[in-house]
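K.L.:
This is the structure I want to talk about, given as structure tokens.
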Amino acid sequence: MNLPAHHPLVDGGTAASPLIRAYRGDRPETTPVWFMRQAGRSLPEYRALRVGMAMLDACLDPELSSEITLQPVRRHGVDAAIFFSDIVVPLRLAGVDVDIVPGRGPVLGAPIRTAQDVAALRALDPAALAPIAEGVARTVAELGSTPLIGFAGAPFTLAAYLVEGGPSKDHLRARTLMHADPAAWDALLGWAADVTGAFLRAQVLAGASAVQLFDSWVGSLSVVDYESRVAPFSAQAISHVKDLGIPVVHFGVGTGELLRSMHAIGADVMGVDDRIPLDEASRRLGSEVPLQGNINPALLAAPWPVLERHVLDVIERGRAASAHVLNLGHGVPPETDPDVLTRIVELAHA
């Protein structure tokens with residue numbers, strides 16, 4: 001299946017944008033920049049909009065999710081919007097009892113820890129994705145030539161939340177299940193891959209020009225465990241959009257040793273966290289792979305001369321790759337001064 005005729009990559013809306021050019025391995029005249037978690041907690045206009053509304057309710061309100069997605073584009077002049085949602089939204093839409101607890105994160109009513117628990121999971125009804133598609137379509141209509149990035153959580157990170165029942169420092173229960181009951185593990189990751197893949201596909205068909213698969217917790221795995229027990233399911237997740245020909249970005253935290261393996265699932269662009277310099281990441285991957293990253297979020301609160309030197313160093317190291325999209329090595333911390341992000345965009349574009 002091809003993209004719809006009105007899709008911005010087809011009708012010319014975003015195909016020549018700096019972001020899409022960079023994602024396709026071309027190096028535009030100015031370095032494109034956007035920030036993970038740019039939509040949300042650091043913006044006062046976001047906090048004002050969210051008063052009295054639960055996170056997942058905001059994600060599933062098309063008008064609200066669209067407005068929140070657009071806020072950082074208006075404020076910072078970034079080269080892309082990323083759709084405001086959460087990696088557990090497709091789990092909720094598939095009937096999983098999950099909520100986002102302020103100050104803690106996603107929490108499940110009942111963890112998924114046995115083969116019986118996995119067998120009880122329901123397939124995602126495509127009709128449940130209607131609020132996502134509407135939110136994306138509303139956003140794309142406002143963005144014009146600025147691309148929208150769709151996103152989803154990778155199967156391992158979703159499984160880590162499902163098995164642990166909430167956030168975890170070491171994901172020990174999930175990693176134990178992987179080896180203690182391989183059949184249940186494979187069934188769980190297969191289910192997660194199809195749910196998150198359908199979530200990605202709905203965003204692309206509604207107008208997203210690229211997607212990013214977040215494997216936030218995959219850095220807790222060895223290369224052997226990743227390649228044998230996780231990578232096939234990450235490939236399965238992105239197989240839901242590969243026929244649409246859009247750029248796929250893959251990102252994880254603490255994944256310097258996994259970069260080659262994560263790229264091999266079929267990713268076009270590798271997001272790099274701030275634990276490894278971009279030139280070293282490019283050396284490991286081969287210089288033909290476009291990179292995204294990797295400003296240290298801890299430096300956003302540093303004096304400007306310190307941050308400026310760091311940003312310029314990141315841009316310089318990014319020249320080792322075929323193309324580079326400037327971003328953070330993880331998400332925007334909630335206490336970040338929004339003016340600092342605007343200043344980084346201006347510096348990159350200059």
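In the structure tokens, each chain is lettered A, B, ... as it comes, each chain's residues begin at 1, and ligands are numbered from 1 in order of appearance.
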From a backbone DSSP assignment, name each residue in segment 148-212 of chain A labelled helix (DSSP H, G or I), as a ChimeraX atom specification.

P.N.:
/A:155-164,172-180,182-205

K.L.:
Considering only strand (DSSP E or B) as DSSP defines it on the backbone, what residues of segment 239-289 of chain A qualify? List them as a tab-separated table (two decimals) with N, CA, C and O atoms, in the first residue's frame.

P.N.:
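Output contents, as saved in states01.tsv:
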```
chain	number	residue	atom	x	y	z
A	248	VAL	N	12.35	5.88	9.17
A	248	VAL	CA	12.17	5.31	10.51
A	248	VAL	C	13.41	5.61	11.35
A	248	VAL	O	14.52	5.23	10.98
A	249	VAL	N	13.20	6.29	12.47
A	249	VAL	CA	14.27	6.60	13.42
A	249	VAL	C	14.15	5.62	14.59
A	249	VAL	O	13.04	5.32	15.05
A	250	HIS	N	15.28	5.12	15.07
A	250	HIS	CA	15.27	4.21	16.22
A	250	HIS	C	16.15	4.80	17.30
A	250	HIS	O	17.27	5.24	17.03
A	251	PHE	N	15.62	4.84	18.53
A	251	PHE	CA	16.35	5.49	19.64
A	251	PHE	C	16.21	4.67	20.91
A	251	PHE	O	15.13	4.15	21.21
A	252	GLY	N	17.29	4.58	21.66
A	252	GLY	CA	17.25	3.98	22.98
A	252	GLY	C	18.25	4.67	23.89
A	252	GLY	O	19.10	5.44	23.43
A	269	VAL	N	17.50	5.81	10.41
A	269	VAL	CA	18.23	6.84	11.16
A	269	VAL	C	18.41	6.31	12.58
A	269	VAL	O	17.49	5.71	13.14
A	270	MET	N	19.58	6.56	13.17
A	270	MET	CA	19.79	6.15	14.55
A	270	MET	C	19.85	7.37	15.47
A	270	MET	O	20.66	8.27	15.28
A	271	GLY	N	18.97	7.37	16.47
A	271	GLY	CA	19.07	8.34	17.54
A	271	GLY	C	20.15	7.89	18.52
A	271	GLY	O	20.24	6.70	18.83
```

K.L.:
Using only C-alpha atoms for the distances, tell me which of A:Pro32, A:Gly166, A:Gly293, A:Gly219 is nearest to Pro106 of chain A.

P.N.:
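Among A:Pro32, A:Gly166, A:Gly293, A:Gly219, it is A:Gly166 that comes nearest to Pro106 of chain A.
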
K.L.:
Give me, as a PyMOL selection string, all polymer residues having an atom no more than 12 Å from Val140 of chain A, counting only C-alpha atoms and skipping those fewer than 2 positions away in the same chain.

P.N.:
chain A and resi 6-9+13-14+66-67+69-70+80-83+133-138+142-150+203-209

K.L.:
Quick check, in Å to one decimal: how far apart do atom CA of Leu158 of chain A and atom CA of Val218 of chain A lie?

P.N.:
10.3 Å

K.L.:
Calculated over only C-alpha atoms, which of the candidates A:Ala210, A:Ala184, A:Ala94, A:Ala321 has the smallest distance to Glu280 of chain A?

P.N.:
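Looking at the shortest contact to Glu280 of chain A, the residue is A:Ala321.
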
K.L.:
If we count only C-alpha atoms, what is near Leu291 of chain A at a cut-off of 12 Å, once residues fewer than 4 positions away on the same chain are taken out, given as an mmCIF file with C-alpha atoms, in the first residue's frame?

P.N.:
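So selection_36.cif came out as:
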```cif
data_model
loop_
_atom_site.group_PDB
_atom_site.id
_atom_site.type_symbol
_atom_site.label_atom_id
_atom_site.label_comp_id
_atom_site.auth_asym_id
_atom_site.auth_seq_id
_atom_site.Cartn_x
_atom_site.Cartn_y
_atom_site.Cartn_z
ATOM 1 C CA LEU A 19 14.415 17.181 8.447
ATOM 2 C CA ALA A 22 18.577 14.727 6.579
ATOM 3 C CA TYR A 23 16.648 11.575 7.474
ATOM 4 C CA ARG A 24 17.160 10.394 3.895
ATOM 5 C CA GLY A 25 20.924 10.937 4.134
ATOM 6 C CA ASP A 26 21.150 14.314 2.409
ATOM 7 C CA ARG A 27 22.819 17.188 4.269
ATOM 8 C CA THR A 31 21.225 21.638 10.592
ATOM 9 C CA PRO A 32 17.645 20.594 11.364
ATOM 10 C CA VAL A 33 16.742 20.472 15.045
ATOM 11 C CA VAL A 248 12.167 5.309 10.512
ATOM 12 C CA VAL A 249 14.267 6.597 13.421
ATOM 13 C CA HIS A 250 15.269 4.206 16.220
ATOM 14 C CA PHE A 251 16.348 5.488 19.635
ATOM 15 C CA LEU A 259 23.730 0.653 17.921
ATOM 16 C CA HIS A 263 20.052 -0.256 13.164
ATOM 17 C CA ALA A 267 15.932 1.613 10.880
ATOM 18 C CA ASP A 268 16.946 4.414 8.516
ATOM 19 C CA VAL A 269 18.225 6.841 11.164
ATOM 20 C CA MET A 270 19.793 6.150 14.552
ATOM 21 C CA GLY A 271 19.072 8.342 17.539
ATOM 22 C CA VAL A 272 22.095 8.508 19.849
ATOM 23 C CA ASP A 273 21.957 9.249 23.567
ATOM 24 C CA PRO A 277 29.949 11.008 21.012
ATOM 25 C CA LEU A 278 28.342 11.225 17.567
ATOM 26 C CA ASP A 279 31.605 10.693 15.722
ATOM 27 C CA GLU A 280 32.171 7.447 17.641
ATOM 28 C CA ALA A 281 28.562 6.386 16.972
ATOM 29 C CA SER A 282 29.139 7.070 13.276
ATOM 30 C CA ARG A 283 32.352 5.038 13.355
ATOM 31 C CA ARG A 284 30.466 2.076 14.844
ATOM 32 C CA LEU A 285 27.577 2.332 12.406
ATOM 33 C CA GLY A 286 29.411 3.346 9.259
ATOM 34 C CA SER A 287 29.361 6.929 8.051
ATOM 35 C CA VAL A 314 27.823 18.044 18.958
ATOM 36 C CA ILE A 315 27.200 19.659 15.559
ATOM 37 C CA ARG A 317 30.955 15.609 15.620
ATOM 38 C CA GLY A 318 27.727 15.078 13.669
ATOM 39 C CA ARG A 319 29.645 15.915 10.490
ATOM 40 C CA ALA A 320 31.143 12.401 10.653
ATOM 41 C CA ALA A 321 27.767 11.016 9.546
ATOM 42 C CA SER A 322 26.113 11.373 6.141
ATOM 43 C CA ALA A 323 23.543 13.670 7.766
ATOM 44 C CA HIS A 324 22.725 14.894 11.257
ATOM 45 C CA VAL A 325 19.567 16.067 13.006
ATOM 46 C CA LEU A 326 20.345 17.972 16.194
ATOM 47 C CA ASN A 327 18.419 16.747 19.225
ATOM 48 C CA LEU A 328 18.956 15.849 22.853
ATOM 49 C CA GLY A 329 20.455 12.647 24.170
#
```

K.L.:
Could you tell me how far atom CA of Ile344 of chain A sits from atom CA of Leu300 of chain A, in Å to one decimal place?

P.N.:
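Pair atom CA of Leu300 of chain A / atom CA of Ile344 of chain A returns 9.5 Å.
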
K.L.:
Closest to Ile238 of chain A among A:Thr114, A:Thr139, A:Thr196, A:Thr157, using only C-alpha atoms?

P.N.:
A:Thr196

K.L.:
Tell me, as a PDB file with N, CA, C and O atoms, in the first residue's frame, which residues lie within 12 Å of Leu91 of chain A, counting only C-alpha atoms; anything in the same chain fewer than 2 positions away does not count.

P.N.:
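Output file selection_28.pdb is given in full below:
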```pdb
ATOM      1  N   LEU A  56      -3.443  10.673  29.972  1.00  0.00           N
ATOM      2  CA  LEU A  56      -3.951   9.835  28.886  1.00  0.00           C
ATOM      3  C   LEU A  56      -5.224  10.412  28.280  1.00  0.00           C
ATOM      4  O   LEU A  56      -5.488  10.220  27.092  1.00  0.00           O
ATOM      5  N   ASP A  86       1.781   9.124  24.296  1.00  0.00           N
ATOM      6  CA  ASP A  86       2.618   8.381  25.236  1.00  0.00           C
ATOM      7  C   ASP A  86       2.743   6.955  24.730  1.00  0.00           C
ATOM      8  O   ASP A  86       1.833   6.451  24.057  1.00  0.00           O
ATOM      9  N   ILE A  87       3.857   6.303  25.068  1.00  0.00           N
ATOM     10  CA  ILE A  87       4.056   4.960  24.537  1.00  0.00           C
ATOM     11  C   ILE A  87       3.009   3.970  25.045  1.00  0.00           C
ATOM     12  O   ILE A  87       2.785   2.943  24.407  1.00  0.00           O
ATOM     13  N   VAL A  88       2.338   4.275  26.183  1.00  0.00           N
ATOM     14  CA  VAL A  88       1.337   3.320  26.686  1.00  0.00           C
ATOM     15  C   VAL A  88      -0.059   3.576  26.123  1.00  0.00           C
ATOM     16  O   VAL A  88      -0.986   2.809  26.417  1.00  0.00           O
ATOM     17  N   VAL A  89      -0.227   4.629  25.309  1.00  0.00           N
ATOM     18  CA  VAL A  89      -1.550   4.902  24.734  1.00  0.00           C
ATOM     19  C   VAL A  89      -2.098   3.704  23.954  1.00  0.00           C
ATOM     20  O   VAL A  89      -3.257   3.307  24.150  1.00  0.00           O
ATOM     21  N   LEU A  93      -5.583   1.594  24.549  1.00  0.00           N
ATOM     22  CA  LEU A  93      -6.581   1.407  23.484  1.00  0.00           C
ATOM     23  C   LEU A  93      -6.863  -0.072  23.222  1.00  0.00           C
ATOM     24  O   LEU A  93      -7.920  -0.421  22.703  1.00  0.00           O
ATOM     25  N   ALA A  94      -5.911  -0.936  23.577  1.00  0.00           N
ATOM     26  CA  ALA A  94      -6.107  -2.382  23.425  1.00  0.00           C
ATOM     27  C   ALA A  94      -6.754  -3.005  24.660  1.00  0.00           C
ATOM     28  O   ALA A  94      -6.890  -4.235  24.725  1.00  0.00           O
ATOM     29  N   GLY A  95      -7.133  -2.172  25.628  1.00  0.00           N
ATOM     30  CA  GLY A  95      -7.865  -2.684  26.778  1.00  0.00           C
ATOM     31  C   GLY A  95      -7.034  -2.971  28.004  1.00  0.00           C
ATOM     32  O   GLY A  95      -7.550  -3.491  29.001  1.00  0.00           O
ATOM     33  N   VAL A  96      -5.733  -2.639  27.981  1.00  0.00           N
ATOM     34  CA  VAL A  96      -4.886  -2.858  29.156  1.00  0.00           C
ATOM     35  C   VAL A  96      -5.210  -1.798  30.210  1.00  0.00           C
ATOM     36  O   VAL A  96      -5.363  -0.616  29.899  1.00  0.00           O
ATOM     37  N   ASP A  97      -5.313  -2.231  31.464  1.00  0.00           N
ATOM     38  CA  ASP A  97      -5.585  -1.316  32.577  1.00  0.00           C
ATOM     39  C   ASP A  97      -4.285  -0.605  32.937  1.00  0.00           C
ATOM     40  O   ASP A  97      -3.480  -1.099  33.733  1.00  0.00           O
ATOM     41  N   VAL A  98      -4.049   0.540  32.324  1.00  0.00           N
ATOM     42  CA  VAL A  98      -2.820   1.308  32.564  1.00  0.00           C
ATOM     43  C   VAL A  98      -3.176   2.779  32.716  1.00  0.00           C
ATOM     44  O   VAL A  98      -4.085   3.283  32.054  1.00  0.00           O
ATOM     45  N   ASP A  99      -2.486   3.432  33.622  1.00  0.00           N
ATOM     46  CA  ASP A  99      -2.663   4.871  33.788  1.00  0.00           C
ATOM     47  C   ASP A  99      -1.295   5.491  34.053  1.00  0.00           C
ATOM     48  O   ASP A  99      -0.342   4.797  34.412  1.00  0.00           O
ATOM     49  N   ILE A 100      -1.202   6.798  33.840  1.00  0.00           N
ATOM     50  CA  ILE A 100       0.048   7.505  34.106  1.00  0.00           C
ATOM     51  C   ILE A 100      -0.121   8.271  35.416  1.00  0.00           C
ATOM     52  O   ILE A 100      -0.946   9.182  35.510  1.00  0.00           O
ATOM     53  N   PRO A 106       3.914   5.365  34.005  1.00  0.00           N
ATOM     54  CA  PRO A 106       2.879   4.379  33.706  1.00  0.00           C
ATOM     55  C   PRO A 106       2.793   3.301  34.787  1.00  0.00           C
ATOM     56  O   PRO A 106       3.813   2.731  35.190  1.00  0.00           O
ATOM     57  N   VAL A 107       1.569   3.030  35.259  1.00  0.00           N
ATOM     58  CA  VAL A 107       1.327   1.998  36.279  1.00  0.00           C
ATOM     59  C   VAL A 107       0.175   1.127  35.810  1.00  0.00           C
ATOM     60  O   VAL A 107      -0.859   1.631  35.360  1.00  0.00           O
ATOM     61  N   LEU A 108       0.350  -0.193  35.899  1.00  0.00           N
ATOM     62  CA  LEU A 108      -0.675  -1.141  35.464  1.00  0.00           C
ATOM     63  C   LEU A 108      -1.527  -1.595  36.631  1.00  0.00           C
ATOM     64  O   LEU A 108      -1.031  -1.762  37.753  1.00  0.00           O
ATOM     65  N   LEU A 121      -4.500 -11.059  26.736  1.00  0.00           N
ATOM     66  CA  LEU A 121      -4.402  -9.751  26.078  1.00  0.00           C
ATOM     67  C   LEU A 121      -5.219  -9.747  24.795  1.00  0.00           C
ATOM     68  O   LEU A 121      -5.224 -10.726  24.045  1.00  0.00           O
ATOM     69  N   ARG A 122      -5.895  -8.627  24.535  1.00  0.00           N
ATOM     70  CA  ARG A 122      -6.745  -8.523  23.354  1.00  0.00           C
ATOM     71  C   ARG A 122      -6.003  -7.849  22.206  1.00  0.00           C
ATOM     72  O   ARG A 122      -5.154  -6.987  22.427  1.00  0.00           O
ATOM     73  N   ALA A 123      -6.377  -8.227  21.001  1.00  0.00           N
ATOM     74  CA  ALA A 123      -5.852  -7.526  19.825  1.00  0.00           C
ATOM     75  C   ALA A 123      -6.402  -6.100  19.809  1.00  0.00           C
ATOM     76  O   ALA A 123      -7.476  -5.822  20.333  1.00  0.00           O
ATOM     77  N   LEU A 124      -5.650  -5.197  19.204  1.00  0.00           N
ATOM     78  CA  LEU A 124      -6.075  -3.799  19.108  1.00  0.00           C
ATOM     79  C   LEU A 124      -7.062  -3.643  17.965  1.00  0.00           C
ATOM     80  O   LEU A 124      -6.751  -3.947  16.811  1.00  0.00           O
ATOM     81  N   ASP A 125      -8.267  -3.166  18.283  1.00  0.00           N
ATOM     82  CA  ASP A 125      -9.278  -2.888  17.265  1.00  0.00           C
ATOM     83  C   ASP A 125      -8.859  -1.620  16.509  1.00  0.00           C
ATOM     84  O   ASP A 125      -8.684  -0.563  17.120  1.00  0.00           O
ATOM     85  N   ALA A 128     -10.262   1.757  17.364  1.00  0.00           N
ATOM     86  CA  ALA A 128      -9.872   2.450  18.589  1.00  0.00           C
ATOM     87  C   ALA A 128      -8.826   3.531  18.323  1.00  0.00           C
ATOM     88  O   ALA A 128      -8.625   4.427  19.147  1.00  0.00           O
ATOM     89  N   LEU A 129      -8.171   3.470  17.162  1.00  0.00           N
ATOM     90  CA  LEU A 129      -7.122   4.429  16.823  1.00  0.00           C
ATOM     91  C   LEU A 129      -7.666   5.716  16.205  1.00  0.00           C
ATOM     92  O   LEU A 129      -6.889   6.613  15.867  1.00  0.00           O
ATOM     93  N   ALA A 152       6.221   5.712  18.690  1.00  0.00           N
ATOM     94  CA  ALA A 152       5.683   4.603  19.472  1.00  0.00           C
ATOM     95  C   ALA A 152       6.799   3.989  20.290  1.00  0.00           C
ATOM     96  O   ALA A 152       7.981   4.185  20.011  1.00  0.00           O
ATOM     97  N   GLY A 153       6.420   3.236  21.299  1.00  0.00           N
ATOM     98  CA  GLY A 153       7.381   2.509  22.117  1.00  0.00           C
ATOM     99  C   GLY A 153       7.698   1.167  21.489  1.00  0.00           C
ATOM    100  O   GLY A 153       6.827   0.507  20.921  1.00  0.00           O
ATOM    101  N   PRO A 155       8.763  -2.863  21.372  1.00  0.00           N
ATOM    102  CA  PRO A 155       8.189  -3.979  22.135  1.00  0.00           C
ATOM    103  C   PRO A 155       8.870  -4.262  23.466  1.00  0.00           C
ATOM    104  O   PRO A 155       8.194  -4.542  24.455  1.00  0.00           O
ATOM    105  N   LEU A 158       7.776  -1.627  26.064  1.00  0.00           N
ATOM    106  CA  LEU A 158       6.388  -1.878  26.451  1.00  0.00           C
ATOM    107  C   LEU A 158       6.301  -3.105  27.354  1.00  0.00           C
ATOM    108  O   LEU A 158       5.600  -3.098  28.376  1.00  0.00           O
ATOM    109  N   ALA A 159       7.021  -4.166  26.986  1.00  0.00           N
ATOM    110  CA  ALA A 159       6.997  -5.389  27.796  1.00  0.00           C
ATOM    111  C   ALA A 159       7.564  -5.127  29.186  1.00  0.00           C
ATOM    112  O   ALA A 159       7.087  -5.691  30.185  1.00  0.00           O
ATOM    113  N   TYR A 161       7.329  -2.405  30.969  1.00  0.00           N
ATOM    114  CA  TYR A 161       6.261  -1.826  31.779  1.00  0.00           C
ATOM    115  C   TYR A 161       5.195  -2.871  32.109  1.00  0.00           C
ATOM    116  O   TYR A 161       4.700  -2.943  33.241  1.00  0.00           O
ATOM    117  N   LEU A 162       4.824  -3.680  31.119  1.00  0.00           N
ATOM    118  CA  LEU A 162       3.749  -4.662  31.324  1.00  0.00           C
ATOM    119  C   LEU A 162       4.131  -5.689  32.392  1.00  0.00           C
ATOM    120  O   LEU A 162       3.312  -6.054  33.238  1.00  0.00           O
ATOM    121  N   TRP A 191       2.730  -9.645  20.564  1.00  0.00           N
ATOM    122  CA  TRP A 191       1.520  -8.838  20.775  1.00  0.00           C
ATOM    123  C   TRP A 191       1.876  -7.350  20.822  1.00  0.00           C
ATOM    124  O   TRP A 191       1.237  -6.520  20.156  1.00  0.00           O
ATOM    125  N   ALA A 192       2.915  -7.024  21.594  1.00  0.00           N
ATOM    126  CA  ALA A 192       3.318  -5.615  21.724  1.00  0.00           C
ATOM    127  C   ALA A 192       3.767  -5.045  20.377  1.00  0.00           C
ATOM    128  O   ALA A 192       3.481  -3.885  20.058  1.00  0.00           O
ATOM    129  N   ALA A 193       4.459  -5.868  19.574  1.00  0.00           N
ATOM    130  CA  ALA A 193       4.935  -5.400  18.271  1.00  0.00           C
ATOM    131  C   ALA A 193       3.771  -5.035  17.366  1.00  0.00           C
ATOM    132  O   ALA A 193       3.807  -4.013  16.660  1.00  0.00           O
ATOM    133  N   ASP A 194       2.727  -5.827  17.378  1.00  0.00           N
ATOM    134  CA  ASP A 194       1.590  -5.555  16.496  1.00  0.00           C
ATOM    135  C   ASP A 194       0.765  -4.372  16.992  1.00  0.00           C
ATOM    136  O   ASP A 194       0.252  -3.581  16.188  1.00  0.00           O
ATOM    137  N   VAL A 195       0.636  -4.232  18.302  1.00  0.00           N
ATOM    138  CA  VAL A 195      -0.115  -3.102  18.854  1.00  0.00           C
ATOM    139  C   VAL A 195       0.610  -1.783  18.559  1.00  0.00           C
ATOM    140  O   VAL A 195       0.011  -0.812  18.081  1.00  0.00           O
ATOM    141  N   THR A 196       1.917  -1.748  18.817  1.00  0.00           N
ATOM    142  CA  THR A 196       2.671  -0.503  18.612  1.00  0.00           C
ATOM    143  C   THR A 196       2.865  -0.239  17.117  1.00  0.00           C
ATOM    144  O   THR A 196       2.889   0.920  16.677  1.00  0.00           O
ATOM    145  N   GLY A 197       2.951  -1.308  16.311  1.00  0.00           N
ATOM    146  CA  GLY A 197       3.051  -1.137  14.859  1.00  0.00           C
ATOM    147  C   GLY A 197       1.785  -0.535  14.272  1.00  0.00           C
ATOM    148  O   GLY A 197       1.844   0.339  13.395  1.00  0.00           O
ATOM    149  N   ALA A 198       0.635  -0.984  14.764  1.00  0.00           N
ATOM    150  CA  ALA A 198      -0.637  -0.415  14.299  1.00  0.00           C
ATOM    151  C   ALA A 198      -0.755   1.051  14.702  1.00  0.00           C
ATOM    152  O   ALA A 198      -1.297   1.881  13.959  1.00  0.00           O
ATOM    153  N   PHE A 199      -0.241   1.378  15.875  1.00  0.00           N
ATOM    154  CA  PHE A 199      -0.231   2.759  16.367  1.00  0.00           C
ATOM    155  C   PHE A 199       0.612   3.643  15.443  1.00  0.00           C
ATOM    156  O   PHE A 199       0.201   4.752  15.059  1.00  0.00           O
TER     157      PHE A 199
END
```

K.L.:
With only C-alpha atoms as the atoms that count, which of A:Ser65, A:Val332, A:Asp274, A:Ile295 lies nearest to Leu49 of chain A?

P.N.:
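With only C-alpha atoms as the atom set, the closest residue is A:Ser65.
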
K.L.:
What does the structure give for the distance between atom CA of Pro297 of chain A and atom CA of Val340 of chain A, in Å to one decimal?

P.N.:
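Taking atom CA of Pro297 of chain A as the start and atom CA of Val340 of chain A as the end point, the length is 11.3 Å.
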
K.L.:
So, counting only C-alpha atoms, which residue among A:Asp215, A:Glu288, A:Asp79, A:Glu316 is closest to Val345 of chain A?

P.N.:
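Result for the nearest residue to Val345 of chain A: A:Asp79.
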
K.L.:
Find the spatial neighbours of Asp243 of chain A, counting only C-alpha atoms, within a cut-off of 10 Å - ignore same-chain residues fewer than 4 positions away - and output them as a PyMOL selection string.

P.N.:
chain A and resi 1-3+238-239

K.L.:
Ile265 of chain A: which residues within 8 Å, counting only C-alpha atoms, same-chain residues fewer than 2 positions away excluded, as a list in words?

P.N.:
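Surrounding residues, per the criterion: Ala231, Pro232, Ser234, Ala235, Ser261, Met262, His263 and Ala267 of chain A.
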
K.L.:
Pull all heavy atoms from the residues just selected and write them as a CSV table (one decimal), in the first residue's frame.

P.N.:
```csv
chain,number,residue,atom,x,y,z
A,231,ALA,N,15.2,-8.1,19.1
A,231,ALA,CA,15.3,-7.5,17.7
A,231,ALA,C,14.3,-8.0,16.7
A,231,ALA,O,13.7,-7.1,16.0
A,231,ALA,CB,16.8,-7.7,17.2
A,232,PRO,N,14.0,-9.3,16.7
A,232,PRO,CA,13.0,-9.7,15.7
A,232,PRO,C,11.6,-9.0,15.9
A,232,PRO,O,10.9,-8.8,14.9
A,232,PRO,CB,12.9,-11.2,15.9
A,232,PRO,CG,14.2,-11.6,16.6
A,232,PRO,CD,14.6,-10.4,17.4
A,234,SER,N,11.2,-5.9,17.3
A,234,SER,CA,11.3,-4.5,16.9
A,234,SER,C,11.2,-4.4,15.4
A,234,SER,O,10.5,-3.5,14.9
A,234,SER,CB,12.6,-3.9,17.4
A,234,SER,OG,12.7,-3.9,18.8
A,235,ALA,N,11.8,-5.4,14.7
A,235,ALA,CA,11.6,-5.4,13.2
A,235,ALA,C,10.1,-5.6,12.9
A,235,ALA,O,9.6,-5.0,11.9
A,235,ALA,CB,12.5,-6.5,12.7
A,261,SER,N,23.1,-3.3,16.2
A,261,SER,CA,22.0,-4.3,16.2
A,261,SER,C,20.7,-3.6,16.1
A,261,SER,O,19.8,-4.1,15.5
A,261,SER,CB,22.1,-5.1,17.5
A,261,SER,OG,23.3,-5.7,17.7
A,262,MET,N,20.6,-2.4,16.7
A,262,MET,CA,19.3,-1.7,16.6
A,262,MET,C,19.1,-1.1,15.2
A,262,MET,O,18.0,-1.1,14.7
A,262,MET,CB,19.3,-0.5,17.6
A,262,MET,CG,19.2,-1.0,19.1
A,262,MET,SD,19.3,0.3,20.3
A,262,MET,CE,17.7,1.2,20.0
A,263,HIS,N,20.2,-0.7,14.5
A,263,HIS,CA,20.1,-0.3,13.2
A,263,HIS,C,19.6,-1.4,12.2
A,263,HIS,O,18.9,-1.2,11.3
A,263,HIS,CB,21.4,0.4,12.7
A,263,HIS,CG,21.4,0.8,11.3
A,263,HIS,ND1,22.1,0.2,10.3
A,263,HIS,CD2,20.7,1.8,10.7
A,263,HIS,CE1,21.9,0.8,9.1
A,263,HIS,NE2,21.0,1.8,9.4
A,267,ALA,N,16.0,0.2,10.6
A,267,ALA,CA,15.9,1.6,10.9
A,267,ALA,C,16.7,2.4,9.8
A,267,ALA,O,17.7,1.9,9.3
A,267,ALA,CB,16.5,2.0,12.3
```
